[in-house]
6 protein chains.
Amino acid sequence: MSGRLFVVNPNSSRTVTAAIDAGISRLRRPDGPEIICRTLAEGPPGIESQLQADRVIEPLLRHCLALEPEASGFVIACFGDPGLHALRDATAKPVLGIAECAVLTAMSLGQRFGVISILPPSVPRHIRYFGAMGVLDRLAGDLPLGLGVAELADADRTLGRMIETGRRLRDAHLADVLIMGCAGMAAYRDRLEQETSLPVVEPTQAAVAMALGQIALGWRRRPRVEGERE
Amino acid sequence: MSGRLFVVNPNSSRTVTAAIDAGISRLRRPDGPEIICRTLAEGPPGIESQLQADRVIEPLLRHCLALEPEASGFVIACFGDPGLHALRDATAKPVLGIAECAVLTAMSLGQRFGVISILPPSVPRHIRYFGAMGVLDRLAGDLPLGLGVAELADADRTLGRMIETGRRLRDAHLADVLIMGCAGMAAYRDRLEQETSLPVVEPTQAAVAMALGQIALGWRRRPRVEGERE
Amino acid sequence: MSGRLFVVNPNSSRTVTAAIDAGISRLRRPDGPEIICRTLAEGPPGIESQLQADRVIEPLLRHCLALEPEASGFVIACFGDPGLHALRDATAKPVLGIAECAVLTAMSLGQRFGVISILPPSVPRHIRYFGAMGVLDRLAGDLPLGLGVAELADADRTLGRMIETGRRLRDAHLADVLIMGCAGMAAYRDRLEQETSLPVVEPTQAAVAMALGQIALGWRRRPRVEGERE
Amino acid sequence: MSGRLFVVNPNSSRTVTAAIDAGISRLRRPDGPEIICRTLAEGPPGIESQLQADRVIEPLLRHCLALEPEASGFVIACFGDPGLHALRDATAKPVLGIAECAVLTAMSLGQRFGVISILPPSVPRHIRYFGAMGVLDRLAGDLPLGLGVAELADADRTLGRMIETGRRLRDAHLADVLIMGCAGMAAYRDRLEQETSLPVVEPTQAAVAMALGQIALGWRRRPRVEGERE
Amino acid sequence: MSGRLFVVNPNSSRTVTAAIDAGISRLRRPDGPEIICRTLAEGPPGIESQLQADRVIEPLLRHCLALEPEASGFVIACFGDPGLHALRDATAKPVLGIAECAVLTAMSLGQRFGVISILPPSVPRHIRYFGAMGVLDRLAGDLPLGLGVAELADADRTLGRMIETGRRLRDAHLADVLIMGCAGMAAYRDRLEQETSLPVVEPTQAAVAMALGQIALGWRRRPRVEGERE
Amino acid sequence: MSGRLFVVNPNSSRTVTAAIDAGISRLRRPDGPEIICRTLAEGPPGIESQLQADRVIEPLLRHCLALEPEASGFVIACFGDPGLHALRDATAKPVLGIAECAVLTAMSLGQRFGVISILPPSVPRHIRYFGAMGVLDRLAGDLPLGLGVAELADADRTLGRMIETGRRLRDAHLADVLIMGCAGMAAYRDRLEQETSLPVVEPTQAAVAMALGQIALGWRRRPRVEGERE
């Protein structure tokens, strides 16, 4: 199994990309597809609104389509999965979103997942997305930290709030598995698991694992070329 | 009540815009907001995939934001509502999508709505969207005509298939209200109602009516400026 | 567009009718249908139980059917929509309920609506109704004020509790739009919006706006005459 | 266990009441509550619309409240359960509706229930009700016979259509239990079971059985007196 | 109506069986089926995990199948209903589970049921089960006491926590009916009803009442013999 | 990454185990965990009822617990996932079920999954399970082949019926991804994909892929020891 799996961070923060890259290192194998993490230079420093999420779709699609001939698959590494279904329309190769895969993975680790989000407006965006996925019955709660993407780099404050929020999801909302609702939280998984005694899904890890499986197993959706009769 | 309500057709077909304009004429009033239908020159001739829908968001947002200072509100006239929540993030003024409003209106006209779509790939897109809206329990069925946007201009073939599909939704799926799942079907509402004996929701009409109500009643969502802490 | 839209308050409180009348004044237009608010003399002073709601149906239907020949449409102005589907069976003209329309309108203003109810037994009634509408996935919460319809006239106490309840729905239940769950709260919308920074749906406003749209657009459900084969 | 359980047929057809009475005879016991079937003289010959259902509520409530002092409980024997929650507001004694109990009973006999209705407009009424009950995920389908209440007395035609409809629910909709969606079908249960090899829930039987259980076990809801602070 | 209804407690605690036996005594009738409560000697002292629940299935099935020739029906008296559908596959006679019947009964006593569970891991088990039943929209909340089955015998502590938990379900979760989520709580129903003013469903009572109804009414599911083509 | 992943076929058919083993060969890697497929000698030749599924739990648990010290994880290779949550209670290591993983994987490959089952009684079992998973909104349909496990070995007949059933799920139920609802169908994936032009999820492949990801990423649920306070 060779080829290249591209993990594209649609914000322009190299710090976030580096944390993602470290997080998925456990999934790299000598004989597996090369896993390449990329930063979308045209993206904003962090994606905190639907407006920002929607505006990265065009450069993100261009970025990915340029890589398509050499790609075995793609992971879109922004919780919210901007452009996921558009890219699936443009290529038959595996395309996974980190929000989708985090939820699907959490559904095999517990009955009710709790989501730790960055800011209050993230919550309705997530709820819409979980509704589109048809999984709202599995949601225990979605609570914001009150921290933007850039602020997640302040490790002490971030970790403290994540632990507090994770415990609230566990104790008051009866979550039995947690999802970190932003690609920029990858560095905190281990500590959060220790402090909450719950499995914690880091979404890019979840998506890369599922992408590797789909590449190995050869699933293809039918590609749909623009303009072609579908 | 003055001001301007912009109804933006994100495909580049002036034929579709003209049909929309005729469809909403019943809602124009001497003392009401001016209702201005616009064609997005940068759009494709028809939007038939998620890829096309996502790719119009950027030019559509630019188009609308340029109009924002003189606008009382916006209607996004593509069934699928591309950029709806992004534009809502960028302005506190009413922003309505025709898919959303068609469904909400149909929910007051019948218990189970049937959707007449253009092509088979429209169906999973719609199902995702109705799931995000949390209204799947009201869906009787969503059946494609097998005709693309451009082909809708062939009135005889289109009307024939719409009637056949509408009756199938009524008789086999027990729909008691129909939704035309594309802005380009506006010319066919009256005939379809006569032939199916069901109320038929033309989605741009539904959205303009709701937009006029919201403009009159002064609802404002909190605008969220990019980069601002939300 | 001429004709008369009848807004019928099924309780006998003229104070409530007057507040409704003031609330919908923004929707009156020189060239639009006349909007006439009426008080059901046979109704109780306030409707606070299913028993009271069901018992007004018979006089409410008689009242409306007597007006039917001169009506362009009807709004039933009690949150709970007593007799809504019965009146729809008796006339093909638009018939809207304020609970139904408040929910449908809120669904275009936010992702999760919070309802401010009068008394604890209102809550299971509302939940049944939202379930019948198939919209429970959009409900953030429904919290009672602990005040009956007559007590709503005590402006200071009512407003104080409404603000407190609205903030609780926003902060603890993550509602991003509020619905006032009683026709008798119409006077408080503006203050509640200011104090919660959320859009607040006054249900009779929502229903009158939708009724005007439906009258203009000419939707007709098939009337079903009693005794006729349906 | 003594006392009287009143089973009230809200239509005025004595034929229907007699069939109900025969159907529940297996539940009469020497030491149990007396089970008394009554016909509502003020009702229409059959209830086939929401309009008819809503209009029987007032005389039905008066009828039941006059019996309340000597009653151990009530069964409302019209599929649609008119006035059910209103009567529950007026008495703490068990009040059961035949539609509710038929569904709850079917949920212990199979995974997906199919409903045999009388006429097409019954279907959206039932869907609203099953939605209010929160049980739509258990519904396999709801298909009308195309026969009104009075026509059910034509045994040959009715039975033929019931068998055909039951088999369609079993084979095309994968129902594994059937519900007869009208009190007037009580005479046909045995034949329908034989011809479909599925358990068939006759709704009045289901409701009387549940009422006897609730009377024996002494459950009381809190009664709510009109005008009283709830 | 003769025959024997077997109520099998799959844990080995005779104390629990005795409490169950006392609880269902109100349902015994001179002319009814004999109701025989049995203790599964092979079961653990209490069932507190899915592991324990699954491991009793084999001895429970053997126990019940040995009784089948003389049985009129069965009640499986462990909240969680281990082996329910397996036993239904093995006999056409009525087989009821106490969790299923508690929920179905509660759905006729209130709109939103609250469940009082023993330990935190009970909650995800219950949520899975309510999801399989399709009734999650009716669930107000499920809160653990933090007491194991054996500890329930400490009446003072148990009752105190049950009252506190029941009130929390009523006041914070807006439950209007309570379910005792363990067969071992049967002795506390009356006190819990008094202290919460809500109807309280003791699950074995609910199941025995429904079983008696089904035995009297003669419903039969099609038995499926192992190895036979189904 | 070393260790052993045990894939346990709970039926006693070595033919099925061999087909599973061939199906997952694409996932074997020199540096990965050894993947060992095992046949449960105590199982029946095929699992076609809840009765058979429940009865394999005890020997299946014993089989797995004996392997636990040397295991990195487990896959339960029967569509229906007998004993899944019980085994999860007994070990903190990854335990995946093939039905659960097939559904979760299909949810990233299409919007509505269609299931090809063996026999009619499989359908209600599956529906219960999808309900417990909270994913019924994603189900397009579940159709039985009318063939038992042993009959699946007749390749021509089986493949013919699978293609016909897959096309029906695609065309009449609008499924855009298919799931093979039995471990014994593994040999037919490629042909079914070619003939339906849809991605086809072979459930054991899906589960092994997810298990490998979870082993690599080190998720641990909290183990719960029997008798221990949970």
# chains A, B, ... in the order shown; residues from 1 in each chain; ligands from 1

$ closest_atom_pairs --of "chain B" --to "chain D" --cutoff "9 Å" --atoms "only C-alpha atoms" --output "CSV"
residue,atom,partner,partner_atom,distance
B:Gly110,CA,D:Pro124,CA,8.0
B:Gln111,CA,D:Pro124,CA,5.7
B:Arg112,CA,D:Pro124,CA,7.4
B:Asp137,CA,D:Leu136,CA,7.7
B:Leu174,CA,D:Val123,CA,8.0
B:Ala175,CA,D:Pro124,CA,8.9
B:Asp176,CA,D:Pro124,CA,8.0

$ write_last_selection --atoms "N, CA, C and O atoms" --output "PDB file, in the first residue's frame"
ATOM      1  N   GLY B 110     -49.322  21.103   5.111  1.00  0.00           N
ATOM      2  CA  GLY B 110     -49.580  19.661   5.087  1.00  0.00           C
ATOM      3  C   GLY B 110     -48.735  18.994   6.151  1.00  0.00           C
ATOM      4  O   GLY B 110     -47.880  19.641   6.761  1.00  0.00           O
ATOM      5  N   GLN B 111     -48.964  17.696   6.352  1.00  0.00           N
ATOM      6  CA  GLN B 111     -48.214  16.994   7.387  1.00  0.00           C
ATOM      7  C   GLN B 111     -46.946  16.365   6.826  1.00  0.00           C
ATOM      8  O   GLN B 111     -45.948  16.253   7.521  1.00  0.00           O
ATOM      9  N   ARG B 112     -46.969  15.950   5.568  1.00  0.00           N
ATOM     10  CA  ARG B 112     -45.820  15.280   4.975  1.00  0.00           C
ATOM     11  C   ARG B 112     -45.539  15.900   3.614  1.00  0.00           C
ATOM     12  O   ARG B 112     -46.363  15.840   2.714  1.00  0.00           O
ATOM     13  N   ASP B 137     -38.768  13.891   9.915  1.00  0.00           N
ATOM     14  CA  ASP B 137     -40.029  13.210  10.208  1.00  0.00           C
ATOM     15  C   ASP B 137     -41.187  13.755   9.380  1.00  0.00           C
ATOM     16  O   ASP B 137     -42.246  13.126   9.323  1.00  0.00           O
ATOM     17  N   LEU B 174     -47.756   9.227   0.134  1.00  0.00           N
ATOM     18  CA  LEU B 174     -48.759   9.881   0.968  1.00  0.00           C
ATOM     19  C   LEU B 174     -48.382  11.317   1.346  1.00  0.00           C
ATOM     20  O   LEU B 174     -48.720  11.796   2.430  1.00  0.00           O
ATOM     21  N   ALA B 175     -47.689  12.021   0.435  1.00  0.00           N
ATOM     22  CA  ALA B 175     -47.438  13.451   0.631  1.00  0.00           C
ATOM     23  C   ALA B 175     -48.745  14.215   0.529  1.00  0.00           C
ATOM     24  O   ALA B 175     -49.579  13.893  -0.319  1.00  0.00           O
ATOM     25  N   ASP B 176     -48.929  15.231   1.384  1.00  0.00           N
ATOM     26  CA  ASP B 176     -50.114  16.087   1.232  1.00  0.00           C
ATOM     27  C   ASP B 176     -49.753  17.530   0.893  1.00  0.00           C
ATOM     28  O   ASP B 176     -50.628  18.403   0.875  1.00  0.00           O
TER      29      ASP B 176
END

$ residues_around --residues "segment 71-84 of chain E" --least-positions-apart "3" --cutoff "8 Å" --atoms "only C-alpha atoms" --output "JSON, numbers by chain"
{"E": [3, 4, 5, 6, 7, 8, 9, 10, 11, 33, 47, 53, 54, 56, 57, 60, 61, 64, 67, 68, 87, 88, 93, 94, 95, 96, 97, 98, 99, 100, 125, 126, 129, 181, 182, 183, 203, 204, 207, 208, 211, 215], "F": [51, 54]}

$ residues_around --residues "Ser13 of chain A" --least-positions-apart "6" --cutoff "9 Å" --atoms "only C-alpha atoms" --output "PyMOL selection string"
chain A and resi 39-41+43-46+150

$ write_last_selection --atoms "N, CA and C atoms" --output "mmCIF file, in the first residue's frame"
data_model
loop_
_atom_site.group_PDB
_atom_site.id
_atom_site.type_symbol
_atom_site.label_atom_id
_atom_site.label_comp_id
_atom_site.auth_asym_id
_atom_site.auth_seq_id
_atom_site.Cartn_x
_atom_site.Cartn_y
_atom_site.Cartn_z
ATOM 1 N N THR A 39 -0.587 23.080 5.337
ATOM 2 C CA THR A 39 -1.270 24.265 5.845
ATOM 3 C C THR A 39 -1.807 25.051 4.659
ATOM 4 N N LEU A 40 -3.072 25.463 4.743
ATOM 5 C CA LEU A 40 -3.637 26.252 3.644
ATOM 6 C C LEU A 40 -3.247 27.708 3.844
ATOM 7 N N ALA A 41 -2.297 28.176 3.034
ATOM 8 C CA ALA A 41 -1.776 29.533 3.229
ATOM 9 C C ALA A 41 -2.876 30.578 3.110
ATOM 10 N N GLY A 43 -5.900 30.412 4.114
ATOM 11 C CA GLY A 43 -6.891 30.374 5.185
ATOM 12 C C GLY A 43 -6.655 31.454 6.225
ATOM 13 N N PRO A 44 -7.664 31.710 7.067
ATOM 14 C CA PRO A 44 -7.496 32.642 8.182
ATOM 15 C C PRO A 44 -6.688 31.966 9.291
ATOM 16 N N PRO A 45 -6.215 32.705 10.280
ATOM 17 C CA PRO A 45 -5.422 32.102 11.364
ATOM 18 C C PRO A 45 -6.205 31.026 12.133
ATOM 19 N N GLY A 46 -7.517 31.201 12.200
ATOM 20 C CA GLY A 46 -8.361 30.187 12.840
ATOM 21 C C GLY A 46 -9.745 30.300 12.231
ATOM 22 N N ALA A 150 -6.532 30.772 18.226
ATOM 23 C CA ALA A 150 -5.196 31.263 18.589
ATOM 24 C C ALA A 150 -4.936 31.097 20.085
#

$ select_by_dssp --residues "segment 31-161 of chain D" --states "strand (DSSP E or B)" --output "VMD selection string"
chain D and resid 34 to 39 71 to 76 95 to 97 113 to 117 139 to 144

$ atom_distance --atom1 "atom CA of Leu198 of chain C" --atom2 "atom CA of Arg167 of chain C"
9.3 Å

$ select_by_dssp --residues "segment 8-133 of chain A" --states "alpha helix (DSSP H)" --output "ChimeraX atom specification"
/A:14-23,50-55,57-67,84-90,98-106,122-133
